[in-house]
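Written below as structure tokens is the structure these notes are about.
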Amino acid sequence: MAKSRPGEHELLAPDEWESWGALMLLHRSVLKGLDVELRRDHGLAVTEFDVLITLFNAPHKRLRMSALADRVLLSPAGTTHLVTRLERDRMVRREVDPTDRRKWFTVLTEEGDLALRAARRTHNNVLRRMLLGATTPSERQTLRRMWQRLSQQQPHPPSPPE
């Protein structure tokens with residue numbers, strides 16, 4: 001395979017490339033581990049868990065569909081399909097927005113809360129093993145500072161889980 005020559009492409013400096021690579025490797029491995037274990041132990045995809053925990057942490061355990069899509073980083077169509085599956089399994093329900101009947105809320109149900117509660121231990125164990133076990137206390141402190149700074153730049157900053 002031919003390598004890029006400096007004059008042909010803009011290349012990242014080694015520290016830039018390795019920083020990006022480390023972030024992507026960590027992200028991929030943790031998400032894959034979460035997906036495998038959540039599916040195996042609870043029948044939940046990591047994206048389904050993400051929707052449930054996002055709703056759990058939302059005011060009144062409900063969000064408009066557009067806000068949910070934005071917060072779980074899915075397209076509106078992808079969110080609709082995912083919510084349809086979760087609604088079929090009675091983990092969420094949709095409610096018409098009384099102030100704008102063209103819009104819908106997705107609401108966490110009792111069944112969804114129970115599924116989330118059961119899956120949290122698996123989720124946390126995977127994070128402890130694959131994220132926290134792969135990082136030093138100093139690296140985690142750096143990640144916390146980054147999260148605090150970057151989350152404040154979001155239009156709807158995520159809140160720490162309850």
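We label chains A, B, ... in the order they appear in the structure tokens, count residues from 1 in each chain, and number ligands from 1 in the order shown.
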
*Extract, using only C-alpha atoms, all DNA, RNA and protein residues at most 6 Å from region 54-64 of chain A, discarding same-chain residues fewer than 3 positions from it, and format them as an NGL selection string.*
:A and (50-51 or 67-68 or 104-108)

For the selection just defined, write its residues with C-alpha atoms to a file, as a JSON list (two decimals), in the first residue's frame.
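Wrote it out as again.json, contents follow:
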```json
[["chain", "number", "residue", "atom", "x", "y", "z"],
["A", 50, "ASP", "CA", -28.75, 4.86, 25.40],
["A", 51, "VAL", "CA", -32.36, 5.86, 24.67],
["A", 67, "ALA", "CA", -34.48, 16.26, 21.24],
["A", 68, "LEU", "CA", -34.07, 12.52, 21.84],
["A", 104, "TRP", "CA", -44.53, 13.79, 19.95],
["A", 105, "PHE", "CA", -42.84, 13.00, 23.22],
["A", 106, "THR", "CA", -41.13, 9.71, 23.95],
["A", 107, "VAL", "CA", -41.72, 8.68, 27.56],
["A", 108, "LEU", "CA", -39.92, 6.04, 29.61]]
```

*Identify, on the basis of only C-alpha atoms, every residue whose closest approach to region 21-33 of chain A does not exceed 8 Å; exclude the query and any residue fewer than 4 positions from it along the same chain; express the result as a PyMOL selection string.*
chain A and resi 17+37+46+126-127+130-131

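The space separating CA of Asp41 (chain A) from CA of Arg94 (chain A) comes to 26.6 Å.
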
*Among the residues of region 37-147 of chain A, find those DSSP assigns to helix (DSSP H, G or I) from the backbone and print them as a VMD selection string.*
chain A and resid 37 to 42 46 to 56 59 to 61 65 to 71 76 to 88 110 to 130 132 to 134 137 to 147

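Of note, CA of Glu139 (chain A) and CA of Asp15 (chain A) are spaced 15.9 Å apart.
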
*asked:* What parts of chain A does DSSP call strand (DSSP E)? I'd like the answer as number ranges by chain.
replied: A: 62-64, 92-96, 104-108

*asked:* Excluding region 80-84 of chain A and its own-chain neighbours fewer than 5 positions away, which residues fall within 10 Å of it when counting only C-alpha atoms? Please give them as an MDAnalysis selection string.
replied: chainID A and resid 47:48 51:52 65:66 68:69 74:75 89:94 106:107

Save the residues we just selected, N, CA and C atoms, as a PDB file, in the first residue's frame?
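Okay, out-v7.pdb is ready:
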```
ATOM      1  N   THR A  47     -27.633   1.062  21.643  1.00  0.00           N
ATOM      2  CA  THR A  47     -28.432   2.236  21.266  1.00  0.00           C
ATOM      3  C   THR A  47     -29.759   2.264  22.025  1.00  0.00           C
ATOM      4  N   GLU A  48     -30.333   1.094  22.277  1.00  0.00           N
ATOM      5  CA  GLU A  48     -31.571   1.036  23.053  1.00  0.00           C
ATOM      6  C   GLU A  48     -31.310   1.447  24.504  1.00  0.00           C
ATOM      7  N   VAL A  51     -31.049   5.185  24.664  1.00  0.00           N
ATOM      8  CA  VAL A  51     -32.356   5.858  24.669  1.00  0.00           C
ATOM      9  C   VAL A  51     -32.984   5.775  26.054  1.00  0.00           C
ATOM     10  N   LEU A  52     -32.960   4.594  26.662  1.00  0.00           N
ATOM     11  CA  LEU A  52     -33.578   4.426  27.975  1.00  0.00           C
ATOM     12  C   LEU A  52     -32.914   5.295  29.032  1.00  0.00           C
ATOM     13  N   MET A  65     -39.270  13.863  20.357  1.00  0.00           N
ATOM     14  CA  MET A  65     -38.520  12.955  19.478  1.00  0.00           C
ATOM     15  C   MET A  65     -37.274  13.640  18.902  1.00  0.00           C
ATOM     16  N   SER A  66     -37.391  14.894  18.504  1.00  0.00           N
ATOM     17  CA  SER A  66     -36.245  15.597  17.918  1.00  0.00           C
ATOM     18  C   SER A  66     -35.131  15.780  18.947  1.00  0.00           C
ATOM     19  N   LEU A  68     -34.617  13.852  21.578  1.00  0.00           N
ATOM     20  CA  LEU A  68     -34.067  12.522  21.836  1.00  0.00           C
ATOM     21  C   LEU A  68     -33.078  12.149  20.741  1.00  0.00           C
ATOM     22  N   ALA A  69     -33.433  12.367  19.487  1.00  0.00           N
ATOM     23  CA  ALA A  69     -32.529  12.064  18.375  1.00  0.00           C
ATOM     24  C   ALA A  69     -31.223  12.833  18.520  1.00  0.00           C
ATOM     25  N   LEU A  74     -28.525  10.074  16.851  1.00  0.00           N
ATOM     26  CA  LEU A  74     -29.100   9.295  15.767  1.00  0.00           C
ATOM     27  C   LEU A  74     -29.882  10.227  14.851  1.00  0.00           C
ATOM     28  N   SER A  75     -30.084   9.791  13.624  1.00  0.00           N
ATOM     29  CA  SER A  75     -30.917  10.570  12.710  1.00  0.00           C
ATOM     30  C   SER A  75     -32.359  10.513  13.201  1.00  0.00           C
ATOM     31  N   ASP A  89     -41.973  -3.188  22.582  1.00  0.00           N
ATOM     32  CA  ASP A  89     -41.585  -3.951  23.773  1.00  0.00           C
ATOM     33  C   ASP A  89     -42.054  -3.287  25.070  1.00  0.00           C
ATOM     34  N   ARG A  90     -42.873  -2.236  24.950  1.00  0.00           N
ATOM     35  CA  ARG A  90     -43.476  -1.509  26.068  1.00  0.00           C
ATOM     36  C   ARG A  90     -42.449  -0.830  26.985  1.00  0.00           C
ATOM     37  N   MET A  91     -41.271  -0.526  26.457  1.00  0.00           N
ATOM     38  CA  MET A  91     -40.262   0.165  27.270  1.00  0.00           C
ATOM     39  C   MET A  91     -40.416   1.678  27.206  1.00  0.00           C
ATOM     40  N   VAL A  92     -41.043   2.155  26.145  1.00  0.00           N
ATOM     41  CA  VAL A  92     -41.358   3.579  26.010  1.00  0.00           C
ATOM     42  C   VAL A  92     -42.772   3.680  25.438  1.00  0.00           C
ATOM     43  N   ARG A  93     -43.319   4.870  25.536  1.00  0.00           N
ATOM     44  CA  ARG A  93     -44.582   5.163  24.858  1.00  0.00           C
ATOM     45  C   ARG A  93     -44.458   6.550  24.250  1.00  0.00           C
ATOM     46  N   ARG A  94     -45.260   6.789  23.267  1.00  0.00           N
ATOM     47  CA  ARG A  94     -45.294   8.114  22.643  1.00  0.00           C
ATOM     48  C   ARG A  94     -46.549   8.835  23.101  1.00  0.00           C
ATOM     49  N   THR A 106     -41.404  11.094  23.606  1.00  0.00           N
ATOM     50  CA  THR A 106     -41.126   9.705  23.949  1.00  0.00           C
ATOM     51  C   THR A 106     -40.970   9.680  25.456  1.00  0.00           C
ATOM     52  N   VAL A 107     -41.663   8.742  26.102  1.00  0.00           N
ATOM     53  CA  VAL A 107     -41.724   8.678  27.562  1.00  0.00           C
ATOM     54  C   VAL A 107     -41.245   7.306  28.020  1.00  0.00           C
TER      55      VAL A 107
END
```

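Between Glu111 (chain A) and the candidates A:Val96, A:Val72, A:Ala134, A:Leu86, the tightest atom-to-atom separation, counting only C-alpha atoms, involves A:Leu86.
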
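For the pair CA of Glu95 (chain A) and CA of Leu114 (chain A), the separation is 20.1 Å.
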